[in-house]
Amino acid sequence: MATQTATLIASKNGKPPLTRRVRRPVVSHVILLISALIYAFPFYWLVVMATSSTSEIFTSPPRLWPGLSFFDNLGVVLDGTPFGRSFLNSVFVTVVSSAVQVFFAALGGFVFAKYRFPGRDKLFAILLVTMVLPTGVALVPTFQIYAELGWINTYWPLILPGAATAFGIFWMRQGSAAIPDELLEASRVDGAGFLRVFLHIGVPGLKAPIAAFAIFQIMWNWNEYLWPLLVLNDPDKATLPLALALLRGAYGSVDYSVVMAGTLVATIPLVILFLIFRRTVMDNAAQGALKG
Amino acid sequence: MQTTTERPRAKRPAIVKHWREYLSISPFFILFLCFGIVPLIYAIQLSTVSWNGLGEQEFVGLDQFKRLFTEGEFVRALGNTVLIFVLGQIPVILGALVGAVLLSNRRLVGRGIYQTLFFLPQVTSIVAIAVIFQSLFSRDYGIVNRLLEFVGIGAVPWLNSPWGVRIVIALMIIWHSLGYFMVIFLAGLSGIAPELYEAAEIDGAGPMRRFWSITVPLLRPTIVFVAITGSIGGLQLFTQPQVLLSGGTGPADSGLTMMYLQVMYLGTGSSASVEPDLGYAAAIGWAIFFVLIVLAALNSRFLKLNREN
């Protein structure tokens with residue numbers, strides 16, 4: 001609250017008066033620093049536990065800094081469970097699902113924005129309505145449909161039903177508005193067909209929205225838990241979140257640091273991805289929320 | 001947007017003439033029909049039977065819906081869902097709002113670092129969060145209890161008491177979603193004209209006064225949007241209690257939520273020993289559906305109001 005004043009004065013005459021510049025942000029900094037420390041603690045503690053041996057975790061008083069046992073712990077995870085396999089399964093499902101989702105979203109959004117055809121606006125209105133329909137709560141019939149299709153213990157339920165999302169198409173349609181119609185015309189004059197126009201004008205023009213959407217889908221797919229839990233019973237088919245729950249079940253009462261090593265490994269890829277694309281993620285998180 | 005048929009050549013049916021366009025947008029509509037609409041219709045039929053998934057279906061009329069209110073379970077699950085939601089949602093909205101106001105100062109040192117840190121749990125899987133929180137709050141060796149003992153308060157049986165379970169789940173929700181809400185509030189704050197604050201300050205309004213008289217009223221649309229988005233997610237709460245309680249429902253069923261109850265009666269994903277009844281599970285699904293529809297209606301009504309203003 002105090003910082004509002006500082007911003008204000010800064011915007012008025014370029015430089016805030018010295019007293020305010022020095023004094024006011026201190027309160028903000030104290031509040032933010034304390035909350036930041038509390039916020040970072042679960043991550044820090046995860047690292048501490050994942051790098052300690054189980055006996056080190058249970059010492060009293062507890063040791064508060066990281067140890068050297070991470071690779072020992074990881075070794076137990078990899079030898080004792082199909083965790084490595086789960087990691088690859090997650091990579092596979094995430095890459096395939098996200099790629100398919102991005103393709104259908106970009107194609108659909110581009111066509112809705114740049115082509116005229118009868119019923120277009122009505123179809124788009126229907127698409128918008130489906131965004132607020134909570135159809136995902138019908139677990140039982142959906143599960144039965146998957147079972148009747150023979151999809152239990154396969155990745156189809158994780159890839160196909162969500163391959164084309166209303167939000168994705170909506171997102172790409174917004175993004176396509178920035179592509180000038182003249183470019184499409186010029187391309188057509190040059191003899192480009194429908195698909196060529198999409199690949200050579202649409203996809204390059206949609207680079208930013210595609211990047212943002214892809215990152216969000218990767219995060220979502222990587223962390224998905226409910227449907228893998230319901231349809232994947234074979235431990236060899238498990239994705240990472242499922243493997244993590246299984247690992248906790250198997251080692252939770254015996255070897256806690258092993259569970260934490262697995263948790264750390266499952267968490268790190270997205271943390272790295274997020275740190276690389278920090279700005280894209282945070283800018284678009286707000287935009288997507290406010291537009292949707 | 002009907003294309004007029006100026007030339008006789010254009011009399012070909014639209015579906016033939018524009019087949020590429022229709023084909024491009026068809027995947028969404030086909031998938032939505034198969035995996036959005038068909039399950040809903042199927043759910044109507046399922047909710048009128050009693051069925052363990054293997055044997056014969058037995059028609060029971062509306063009995064499954066009566067069960068929702070006569071057997072204590074669903075009411076308990078609804079109560080827990082709402083309690084946990086309130087415990088988590090109100091602090092997280094307030095916290096995100098205050099955080100966003102503090103971070104809206106563009107000259108603040110370390111602004112980007114704070115934002116990144118608060119957003120980080122959002123990209124962490126809920127399963128991982130539940131595993132971490134389970135160990136943080138475990139009774140004997142959890143670091144939280146050790147700290148509490150150290151400062152003389154004494155250990156709290158977090159995961160062995162009904163309120164403890166609800167509070168830990170609420171804390172997980174807060175930790176997970178604070179950064180996301182903060183980013184949305186920051187976007188909302190950037191739309192408020194600085195002149196308003198300037199005028200208020202000239203009139204002698206202090207920081208608290210400016211917060212309640214300018215920031216909160218002007219940010220109201222965003223606050224309501226965040227509240228409704230949060231409640232749509234909150235009412236489908238499942239992963240946090242399921243992982244935190246290792247497939248159980250916690251002391252006095254304190255971690256049993258509506259979605260969790262539905263999964264239990266589906267007969268998978270839980271260690272609880274209930275006889276699967278897909279009909280009952282379908283009825284629970286309908287109950288959640290109706291609550292969410294009401295929320296969605298409120299949401300769209302509200303968005304419309306905003307647009308008109």
# chains A, B, ... in the order shown; residues from 1 in each chain; ligands from 1
>>> residues_around(residues="segment 161-172 of chain B", least_positions_apart="5", cutoff="12 Å", atoms="only C-alpha atoms", output="VMD selection string")
(chain A and resid 38 to 39 42) or (chain B and resid 79 to 92 121 to 122 124 to 139 144 155 to 156 177 to 178 234 237 to 245 248 to 257)
>>> write_last_selection(atoms="C-alpha atoms", output="PDB file, in the first residue's frame")
ATOM      1  CA  ILE A  38       7.978 -19.094   4.038  1.00  0.00           C
ATOM      2  CA  TYR A  39       7.112 -19.683   0.397  1.00  0.00           C
ATOM      3  CA  PRO A  42       8.824 -26.304   1.178  1.00  0.00           C
TER       4      PRO A  42
ATOM      5  CA  GLY B  79     -19.501 -29.910   3.780  1.00  0.00           C
ATOM      6  CA  ASN B  80     -15.781 -30.727   3.653  1.00  0.00           C
ATOM      7  CA  THR B  81     -15.436 -29.389   0.127  1.00  0.00           C
ATOM      8  CA  VAL B  82     -17.026 -26.099   1.139  1.00  0.00           C
ATOM      9  CA  LEU B  83     -15.104 -25.854   4.440  1.00  0.00           C
ATOM     10  CA  ILE B  84     -11.730 -26.502   2.840  1.00  0.00           C
ATOM     11  CA  PHE B  85     -12.621 -24.124   0.041  1.00  0.00           C
ATOM     12  CA  VAL B  86     -13.435 -21.315   2.470  1.00  0.00           C
ATOM     13  CA  LEU B  87     -10.332 -22.025   4.586  1.00  0.00           C
ATOM     14  CA  GLY B  88      -8.109 -21.816   1.516  1.00  0.00           C
ATOM     15  CA  GLN B  89      -9.821 -19.376  -0.793  1.00  0.00           C
ATOM     16  CA  ILE B  90     -10.357 -16.357   1.440  1.00  0.00           C
ATOM     17  CA  PRO B  91      -6.751 -16.134   2.695  1.00  0.00           C
ATOM     18  CA  VAL B  92      -5.348 -16.764  -0.783  1.00  0.00           C
ATOM     19  CA  PRO B 121       4.360 -23.756  -6.854  1.00  0.00           C
ATOM     20  CA  GLN B 122       1.877 -23.273  -9.703  1.00  0.00           C
ATOM     21  CA  THR B 124       4.694 -28.024  -9.345  1.00  0.00           C
ATOM     22  CA  SER B 125       2.516 -31.100  -9.554  1.00  0.00           C
ATOM     23  CA  ILE B 126      -0.137 -31.356  -6.862  1.00  0.00           C
ATOM     24  CA  VAL B 127       1.030 -34.891  -6.138  1.00  0.00           C
ATOM     25  CA  ALA B 128       4.520 -33.585  -5.368  1.00  0.00           C
ATOM     26  CA  ILE B 129       3.054 -30.797  -3.232  1.00  0.00           C
ATOM     27  CA  ALA B 130       0.971 -33.311  -1.285  1.00  0.00           C
ATOM     28  CA  VAL B 131       3.986 -35.552  -0.705  1.00  0.00           C
ATOM     29  CA  ILE B 132       6.032 -32.565   0.516  1.00  0.00           C
ATOM     30  CA  PHE B 133       3.273 -31.270   2.793  1.00  0.00           C
ATOM     31  CA  GLN B 134       2.658 -34.716   4.190  1.00  0.00           C
ATOM     32  CA  SER B 135       6.229 -34.830   5.417  1.00  0.00           C
ATOM     33  CA  LEU B 136       6.277 -31.195   6.590  1.00  0.00           C
ATOM     34  CA  PHE B 137       3.242 -31.826   8.776  1.00  0.00           C
ATOM     35  CA  SER B 138       3.860 -35.386   9.907  1.00  0.00           C
ATOM     36  CA  ARG B 139       3.298 -35.805  13.633  1.00  0.00           C
ATOM     37  CA  VAL B 144       6.581 -27.958  11.461  1.00  0.00           C
ATOM     38  CA  ALA B 155       3.311 -30.813  18.543  1.00  0.00           C
ATOM     39  CA  VAL B 156      -0.050 -30.574  16.770  1.00  0.00           C
ATOM     40  CA  SER B 177      -2.462 -20.810  -6.251  1.00  0.00           C
ATOM     41  CA  LEU B 178      -1.257 -17.590  -4.592  1.00  0.00           C
ATOM     42  CA  GLY B 234     -12.078 -25.828  -5.477  1.00  0.00           C
ATOM     43  CA  LEU B 237     -10.911 -30.859  -5.143  1.00  0.00           C
ATOM     44  CA  PHE B 238      -9.538 -34.380  -5.313  1.00  0.00           C
ATOM     45  CA  THR B 239      -5.796 -34.826  -5.710  1.00  0.00           C
ATOM     46  CA  GLN B 240      -4.736 -32.981  -2.549  1.00  0.00           C
ATOM     47  CA  PRO B 241      -6.745 -35.108  -0.073  1.00  0.00           C
ATOM     48  CA  GLN B 242      -6.272 -38.330  -2.024  1.00  0.00           C
ATOM     49  CA  VAL B 243      -2.480 -38.118  -2.007  1.00  0.00           C
ATOM     50  CA  LEU B 244      -2.113 -36.432   1.380  1.00  0.00           C
ATOM     51  CA  LEU B 245      -4.192 -39.121   3.087  1.00  0.00           C
ATOM     52  CA  GLY B 248      -7.782 -42.824   2.819  1.00  0.00           C
ATOM     53  CA  THR B 249     -10.369 -40.247   3.841  1.00  0.00           C
ATOM     54  CA  GLY B 250      -8.722 -38.963   7.019  1.00  0.00           C
ATOM     55  CA  PRO B 251      -9.994 -38.877  10.598  1.00  0.00           C
ATOM     56  CA  ALA B 252     -13.803 -38.522  10.689  1.00  0.00           C
ATOM     57  CA  ASP B 253     -13.791 -38.449   6.866  1.00  0.00           C
ATOM     58  CA  SER B 254     -12.393 -34.909   7.136  1.00  0.00           C
ATOM     59  CA  GLY B 255     -10.612 -35.161   3.789  1.00  0.00           C
ATOM     60  CA  LEU B 256     -13.529 -36.667   1.899  1.00  0.00           C
ATOM     61  CA  THR B 257     -14.580 -34.318  -0.896  1.00  0.00           C
TER      62      THR B 257
END
>>> interface_residues(of="chain B", to="chain A", cutoff="7 Å", atoms="only C-alpha atoms", output="PDB file with N, CA and C atoms, in the first residue's frame")
ATOM      1  N   MET B   1     -22.749 -13.786 -41.156  1.00  0.00           N
ATOM      2  CA  MET B   1     -21.618 -14.031 -42.039  1.00  0.00           C
ATOM      3  C   MET B   1     -21.972 -14.963 -43.204  1.00  0.00           C
ATOM      4  N   GLN B   2     -23.250 -15.025 -43.581  1.00  0.00           N
ATOM      5  CA  GLN B   2     -23.620 -15.908 -44.692  1.00  0.00           C
ATOM      6  C   GLN B   2     -22.990 -15.368 -45.974  1.00  0.00           C
ATOM      7  N   THR B   3     -22.336 -16.248 -46.714  1.00  0.00           N
ATOM      8  CA  THR B   3     -21.789 -15.784 -47.984  1.00  0.00           C
ATOM      9  C   THR B   3     -22.937 -15.757 -49.000  1.00  0.00           C
ATOM     10  N   ALA B  14     -22.554 -25.468 -49.125  1.00  0.00           N
ATOM     11  CA  ALA B  14     -21.444 -24.859 -48.387  1.00  0.00           C
ATOM     12  C   ALA B  14     -20.462 -25.919 -47.890  1.00  0.00           C
ATOM     13  N   HIS B  18     -16.737 -25.408 -48.774  1.00  0.00           N
ATOM     14  CA  HIS B  18     -15.840 -25.033 -47.680  1.00  0.00           C
ATOM     15  C   HIS B  18     -15.358 -26.235 -46.886  1.00  0.00           C
ATOM     16  N   GLU B  21     -12.387 -25.817 -44.464  1.00  0.00           N
ATOM     17  CA  GLU B  21     -12.634 -25.058 -43.234  1.00  0.00           C
ATOM     18  C   GLU B  21     -13.368 -25.918 -42.207  1.00  0.00           C
ATOM     19  N   SER B  24     -11.176 -28.497 -40.695  1.00  0.00           N
ATOM     20  CA  SER B  24     -10.191 -27.959 -39.760  1.00  0.00           C
ATOM     21  C   SER B  24     -10.767 -27.747 -38.370  1.00  0.00           C
ATOM     22  N   ILE B  25     -12.039 -27.331 -38.313  1.00  0.00           N
ATOM     23  CA  ILE B  25     -12.600 -27.063 -36.991  1.00  0.00           C
ATOM     24  C   ILE B  25     -13.354 -28.271 -36.438  1.00  0.00           C
ATOM     25  N   PRO B  27     -12.411 -31.389 -35.492  1.00  0.00           N
ATOM     26  CA  PRO B  27     -11.949 -32.232 -34.383  1.00  0.00           C
ATOM     27  C   PRO B  27     -12.526 -31.818 -33.035  1.00  0.00           C
ATOM     28  N   PHE B  28     -12.550 -30.499 -32.778  1.00  0.00           N
ATOM     29  CA  PHE B  28     -13.072 -30.075 -31.491  1.00  0.00           C
ATOM     30  C   PHE B  28     -14.517 -30.522 -31.315  1.00  0.00           C
ATOM     31  N   LEU B  31     -14.867 -34.369 -30.903  1.00  0.00           N
ATOM     32  CA  LEU B  31     -14.387 -34.828 -29.598  1.00  0.00           C
ATOM     33  C   LEU B  31     -15.310 -34.357 -28.478  1.00  0.00           C
ATOM     34  N   PHE B  35     -16.871 -37.075 -26.049  1.00  0.00           N
ATOM     35  CA  PHE B  35     -16.356 -37.172 -24.682  1.00  0.00           C
ATOM     36  C   PHE B  35     -16.899 -36.080 -23.767  1.00  0.00           C
ATOM     37  N   GLY B  36     -17.773 -35.226 -24.298  1.00  0.00           N
ATOM     38  CA  GLY B  36     -18.413 -34.214 -23.464  1.00  0.00           C
ATOM     39  C   GLY B  36     -19.904 -34.458 -23.345  1.00  0.00           C
ATOM     40  N   PRO B  39     -21.074 -38.721 -22.672  1.00  0.00           N
ATOM     41  CA  PRO B  39     -21.022 -39.134 -21.263  1.00  0.00           C
ATOM     42  C   PRO B  39     -22.142 -38.544 -20.417  1.00  0.00           C
ATOM     43  N   LEU B  40     -22.533 -37.295 -20.736  1.00  0.00           N
ATOM     44  CA  LEU B  40     -23.614 -36.687 -19.943  1.00  0.00           C
ATOM     45  C   LEU B  40     -24.919 -37.457 -20.141  1.00  0.00           C
ATOM     46  N   TYR B  42     -25.209 -40.585 -21.152  1.00  0.00           N
ATOM     47  CA  TYR B  42     -24.974 -41.878 -20.543  1.00  0.00           C
ATOM     48  C   TYR B  42     -25.149 -41.770 -19.025  1.00  0.00           C
ATOM     49  N   ALA B  43     -24.722 -40.637 -18.463  1.00  0.00           N
ATOM     50  CA  ALA B  43     -24.806 -40.440 -17.013  1.00  0.00           C
ATOM     51  C   ALA B  43     -26.256 -40.399 -16.542  1.00  0.00           C
ATOM     52  N   VAL B 101      -0.488  -5.628  -4.700  1.00  0.00           N
ATOM     53  CA  VAL B 101      -0.356  -4.191  -4.445  1.00  0.00           C
ATOM     54  C   VAL B 101       1.102  -3.861  -4.107  1.00  0.00           C
ATOM     55  N   LEU B 102       1.725  -4.700  -3.257  1.00  0.00           N
ATOM     56  CA  LEU B 102       3.127  -4.453  -2.910  1.00  0.00           C
ATOM     57  C   LEU B 102       4.025  -4.557  -4.133  1.00  0.00           C
ATOM     58  N   ASN B 105       4.624  -1.825  -7.458  1.00  0.00           N
ATOM     59  CA  ASN B 105       5.642  -0.779  -7.529  1.00  0.00           C
ATOM     60  C   ASN B 105       6.770  -1.231  -8.456  1.00  0.00           C
ATOM     61  N   TYR B 114      10.598 -11.985  -6.626  1.00  0.00           N
ATOM     62  CA  TYR B 114       9.432 -12.293  -5.799  1.00  0.00           C
ATOM     63  C   TYR B 114       8.336 -12.944  -6.636  1.00  0.00           C
ATOM     64  N   PHE B 118       6.824 -16.700  -6.066  1.00  0.00           N
ATOM     65  CA  PHE B 118       5.435 -16.959  -5.688  1.00  0.00           C
ATOM     66  C   PHE B 118       4.712 -17.785  -6.755  1.00  0.00           C
ATOM     67  N   VAL B 123       3.632 -24.395 -10.978  1.00  0.00           N
ATOM     68  CA  VAL B 123       4.121 -25.348 -11.983  1.00  0.00           C
ATOM     69  C   VAL B 123       4.537 -26.675 -11.345  1.00  0.00           C
ATOM     70  N   THR B 124       4.342 -26.783 -10.034  1.00  0.00           N
ATOM     71  CA  THR B 124       4.694 -28.024  -9.345  1.00  0.00           C
ATOM     72  C   THR B 124       3.466 -28.922  -9.301  1.00  0.00           C
ATOM     73  N   SER B 125       3.672 -30.220  -9.520  1.00  0.00           N
ATOM     74  CA  SER B 125       2.516 -31.100  -9.554  1.00  0.00           C
ATOM     75  C   SER B 125       1.886 -31.201  -8.168  1.00  0.00           C
ATOM     76  N   VAL B 127       0.577 -33.679  -6.809  1.00  0.00           N
ATOM     77  CA  VAL B 127       1.030 -34.891  -6.138  1.00  0.00           C
ATOM     78  C   VAL B 127       2.322 -34.604  -5.371  1.00  0.00           C
ATOM     79  N   ALA B 128       3.258 -33.924  -6.032  1.00  0.00           N
ATOM     80  CA  ALA B 128       4.520 -33.585  -5.368  1.00  0.00           C
ATOM     81  C   ALA B 128       4.253 -32.688  -4.160  1.00  0.00           C
ATOM     82  N   ILE B 132       5.198 -33.480  -0.289  1.00  0.00           N
ATOM     83  CA  ILE B 132       6.032 -32.565   0.516  1.00  0.00           C
ATOM     84  C   ILE B 132       5.290 -32.141   1.788  1.00  0.00           C
ATOM     85  N   TYR B 141       8.057 -36.470  13.138  1.00  0.00           N
ATOM     86  CA  TYR B 141       9.302 -35.985  12.572  1.00  0.00           C
ATOM     87  C   TYR B 141       9.110 -34.811  11.615  1.00  0.00           C
ATOM     88  N   VAL B 183      -0.588 -12.735 -10.148  1.00  0.00           N
ATOM     89  CA  VAL B 183      -0.316 -12.286 -11.513  1.00  0.00           C
ATOM     90  C   VAL B 183      -1.581 -11.671 -12.127  1.00  0.00           C
ATOM     91  N   ILE B 184      -2.726 -12.290 -11.865  1.00  0.00           N
ATOM     92  CA  ILE B 184      -3.982 -11.752 -12.403  1.00  0.00           C
ATOM     93  C   ILE B 184      -4.287 -10.394 -11.767  1.00  0.00           C
ATOM     94  N   ALA B 187      -2.161  -7.663 -13.223  1.00  0.00           N
ATOM     95  CA  ALA B 187      -2.667  -7.198 -14.516  1.00  0.00           C
ATOM     96  C   ALA B 187      -3.837  -6.247 -14.298  1.00  0.00           C
ATOM     97  N   PRO B 194      -3.165   6.077 -12.289  1.00  0.00           N
ATOM     98  CA  PRO B 194      -2.424   6.601 -11.129  1.00  0.00           C
ATOM     99  C   PRO B 194      -2.999   7.916 -10.618  1.00  0.00           C
ATOM    100  N   GLU B 198      -3.316   9.783  -6.871  1.00  0.00           N
ATOM    101  CA  GLU B 198      -2.768  11.118  -6.675  1.00  0.00           C
ATOM    102  C   GLU B 198      -3.816  12.021  -6.043  1.00  0.00           C
ATOM    103  N   PRO B 207      -2.677   5.248   3.193  1.00  0.00           N
ATOM    104  CA  PRO B 207      -2.535   4.024   2.383  1.00  0.00           C
ATOM    105  C   PRO B 207      -3.700   3.042   2.549  1.00  0.00           C
ATOM    106  N   MET B 208      -4.149   2.819   3.796  1.00  0.00           N
ATOM    107  CA  MET B 208      -5.256   1.892   4.035  1.00  0.00           C
ATOM    108  C   MET B 208      -6.524   2.397   3.360  1.00  0.00           C
ATOM    109  N   PHE B 211      -6.367   1.918  -0.274  1.00  0.00           N
ATOM    110  CA  PHE B 211      -6.548   0.505  -0.615  1.00  0.00           C
ATOM    111  C   PHE B 211      -8.038   0.145  -0.642  1.00  0.00           C
ATOM    112  N   VAL B 243      -3.899 -37.809  -2.184  1.00  0.00           N
ATOM    113  CA  VAL B 243      -2.480 -38.118  -2.007  1.00  0.00           C
ATOM    114  C   VAL B 243      -2.055 -37.882  -0.556  1.00  0.00           C
ATOM    115  N   LEU B 266     -16.550 -45.280  -7.907  1.00  0.00           N
ATOM    116  CA  LEU B 266     -16.174 -45.820  -9.206  1.00  0.00           C
ATOM    117  C   LEU B 266     -15.363 -47.090  -9.007  1.00  0.00           C
ATOM    118  N   THR B 268     -12.054 -47.319  -7.989  1.00  0.00           N
ATOM    119  CA  THR B 268     -10.600 -47.262  -8.152  1.00  0.00           C
ATOM    120  C   THR B 268     -10.044 -46.073  -7.391  1.00  0.00           C
ATOM    121  N   GLY B 269      -8.747 -46.043  -7.270  1.00  0.00           N
ATOM    122  CA  GLY B 269      -8.080 -44.839  -6.795  1.00  0.00           C
ATOM    123  C   GLY B 269      -8.199 -44.568  -5.314  1.00  0.00           C
ATOM    124  N   LEU B 278     -21.639 -47.746  -9.543  1.00  0.00           N
ATOM    125  CA  LEU B 278     -21.468 -46.754 -10.591  1.00  0.00           C
ATOM    126  C   LEU B 278     -22.678 -45.841 -10.711  1.00  0.00           C
ATOM    127  N   ALA B 281     -22.183 -43.226  -8.072  1.00  0.00           N
ATOM    128  CA  ALA B 281     -21.104 -42.342  -8.511  1.00  0.00           C
ATOM    129  C   ALA B 281     -21.610 -41.369  -9.577  1.00  0.00           C
ATOM    130  N   ALA B 282     -22.445 -41.872 -10.494  1.00  0.00           N
ATOM    131  CA  ALA B 282     -22.988 -41.005 -11.540  1.00  0.00           C
ATOM    132  C   ALA B 282     -23.870 -39.920 -10.928  1.00  0.00           C
ATOM    133  N   GLY B 285     -21.727 -37.319  -9.572  1.00  0.00           N
ATOM    134  CA  GLY B 285     -21.247 -36.513 -10.689  1.00  0.00           C
ATOM    135  C   GLY B 285     -22.258 -35.451 -11.090  1.00  0.00           C
ATOM    136  N   ILE B 288     -22.303 -32.551  -8.585  1.00  0.00           N
ATOM    137  CA  ILE B 288     -21.187 -31.616  -8.797  1.00  0.00           C
ATOM    138  C   ILE B 288     -21.468 -30.758 -10.032  1.00  0.00           C
ATOM    139  N   PHE B 289     -21.978 -31.422 -11.075  1.00  0.00           N
ATOM    140  CA  PHE B 289     -22.295 -30.718 -12.318  1.00  0.00           C
ATOM    141  C   PHE B 289     -23.238 -29.539 -12.058  1.00  0.00           C
ATOM    142  N   LEU B 292     -21.627 -26.642 -10.297  1.00  0.00           N
ATOM    143  CA  LEU B 292     -20.724 -25.911 -11.186  1.00  0.00           C
ATOM    144  C   LEU B 292     -21.486 -25.091 -12.227  1.00  0.00           C
ATOM    145  N   ILE B 293     -22.627 -25.634 -12.696  1.00  0.00           N
ATOM    146  CA  ILE B 293     -23.432 -24.894 -13.667  1.00  0.00           C
ATOM    147  C   ILE B 293     -23.924 -23.588 -13.050  1.00  0.00           C
ATOM    148  N   ALA B 296     -21.058 -21.274 -13.051  1.00  0.00           N
ATOM    149  CA  ALA B 296     -20.740 -20.802 -14.397  1.00  0.00           C
ATOM    150  C   ALA B 296     -21.749 -19.729 -14.819  1.00  0.00           C
TER     151      ALA B 296
END
>>> select_by_dssp(residues="segment 99-305 of chain B", states="helix (DSSP H, G or I)", output="PyMOL selection string")
chain B and resi 99-103+111-123+126-136+143-150+158-160+162-189+194-202+207-218+220-234+239-244+251-253+258-266+278-305
>>> atom_distance(atom1="atom CA of Trp156 of chain A", atom2="atom CA of Val102 of chain A")
17.0 Å
>>> residues_around(residues="segment 44-58 of chain B", least_positions_apart="5", cutoff="7 Å", atoms="only C-alpha atoms", output="JSON, numbers by chain")
{"B": [64, 276, 277, 278, 279, 280, 282, 283]}
>>> residues_around(residues="segment 73-90 of chain A", least_positions_apart="2", cutoff="8 Å", atoms="only C-alpha atoms", output="list in words")
Ala50, Thr51, Ser53, Ser69, Phe70, Phe71, Phe92, Val93, Thr94, Trp222, Pro235, Asp236, Lys237, Ala238, Thr239, Leu240, Ala243, Leu247, Ser257, Val258, Val259, Ala261, Gly262 and Ala266 of chain A
>>> write_last_selection(atoms="C-alpha atoms", output="PDB file, in the first residue's frame")
ATOM      1  CA  ALA A  50      16.125 -35.581  -1.022  1.00  0.00           C
ATOM      2  CA  THR A  51      19.836 -35.144  -0.342  1.00  0.00           C
ATOM      3  CA  SER A  53      19.804 -40.284   4.157  1.00  0.00           C
ATOM      4  CA  SER A  69      23.028 -38.652  -0.397  1.00  0.00           C
ATOM      5  CA  PHE A  70      20.955 -37.553  -3.383  1.00  0.00           C
ATOM      6  CA  PHE A  71      22.476 -40.037  -5.825  1.00  0.00           C
ATOM      7  CA  PHE A  92       6.074 -39.292 -24.284  1.00  0.00           C
ATOM      8  CA  VAL A  93       2.526 -38.486 -23.189  1.00  0.00           C
ATOM      9  CA  THR A  94       3.348 -34.835 -22.574  1.00  0.00           C
ATOM     10  CA  TRP A 222       3.013 -33.271 -17.168  1.00  0.00           C
ATOM     11  CA  PRO A 235       2.878 -49.824 -13.031  1.00  0.00           C
ATOM     12  CA  ASP A 236       4.964 -50.020 -16.213  1.00  0.00           C
ATOM     13  CA  LYS A 237       2.534 -47.632 -17.899  1.00  0.00           C
ATOM     14  CA  ALA A 238       2.403 -45.134 -15.028  1.00  0.00           C
ATOM     15  CA  THR A 239       3.169 -41.468 -15.643  1.00  0.00           C
ATOM     16  CA  LEU A 240       5.286 -39.524 -13.150  1.00  0.00           C
ATOM     17  CA  ALA A 243       4.626 -43.175 -10.038  1.00  0.00           C
ATOM     18  CA  LEU A 247       6.646 -44.574  -4.677  1.00  0.00           C
ATOM     19  CA  SER A 257      14.468 -39.606   1.576  1.00  0.00           C
ATOM     20  CA  VAL A 258      13.976 -41.993  -1.360  1.00  0.00           C
ATOM     21  CA  VAL A 259      10.443 -40.666  -1.859  1.00  0.00           C
ATOM     22  CA  ALA A 261      14.504 -37.854  -4.271  1.00  0.00           C
ATOM     23  CA  GLY A 262      11.785 -39.079  -6.653  1.00  0.00           C
ATOM     24  CA  ALA A 266       9.645 -35.198 -11.003  1.00  0.00           C
TER      25      ALA A 266
END
>>> atom_distance(atom1="atom CA of Gly142 of chain B", atom2="atom CA of Thr116 of chain B")
26.9 Å
>>> atom_distance(atom1="atom CA of Trp286 of chain B", atom2="atom CA of Leu68 of chain B")
10.6 Å
>>> decode(residues="segment 36-50 of chain A", atoms="C-alpha atoms", output="mmCIF file, in the first residue's frame")
data_model
loop_
_atom_site.group_PDB
_atom_site.id
_atom_site.type_symbol
_atom_site.label_atom_id
_atom_site.label_comp_id
_atom_site.auth_asym_id
_atom_site.auth_seq_id
_atom_site.Cartn_x
_atom_site.Cartn_y
_atom_site.Cartn_z
ATOM 1 C CA ALA A 36 9.147 -15.271 0.311
ATOM 2 C CA LEU A 37 11.099 -17.218 2.928
ATOM 3 C CA ILE A 38 7.978 -19.094 4.038
ATOM 4 C CA TYR A 39 7.112 -19.683 0.397
ATOM 5 C CA ALA A 40 10.507 -21.029 -0.534
ATOM 6 C CA PHE A 41 10.744 -23.261 2.511
ATOM 7 C CA PRO A 42 8.824 -26.304 1.178
ATOM 8 C CA PHE A 43 11.128 -26.325 -1.883
ATOM 9 C CA TYR A 44 14.198 -25.941 0.282
ATOM 10 C CA TRP A 45 13.041 -28.701 2.587
ATOM 11 C CA LEU A 46 12.388 -30.965 -0.374
ATOM 12 C CA VAL A 47 16.016 -30.494 -1.430
ATOM 13 C CA VAL A 48 17.240 -31.101 2.130
ATOM 14 C CA MET A 49 15.286 -34.336 2.467
ATOM 15 C CA ALA A 50 16.125 -35.581 -1.022
#
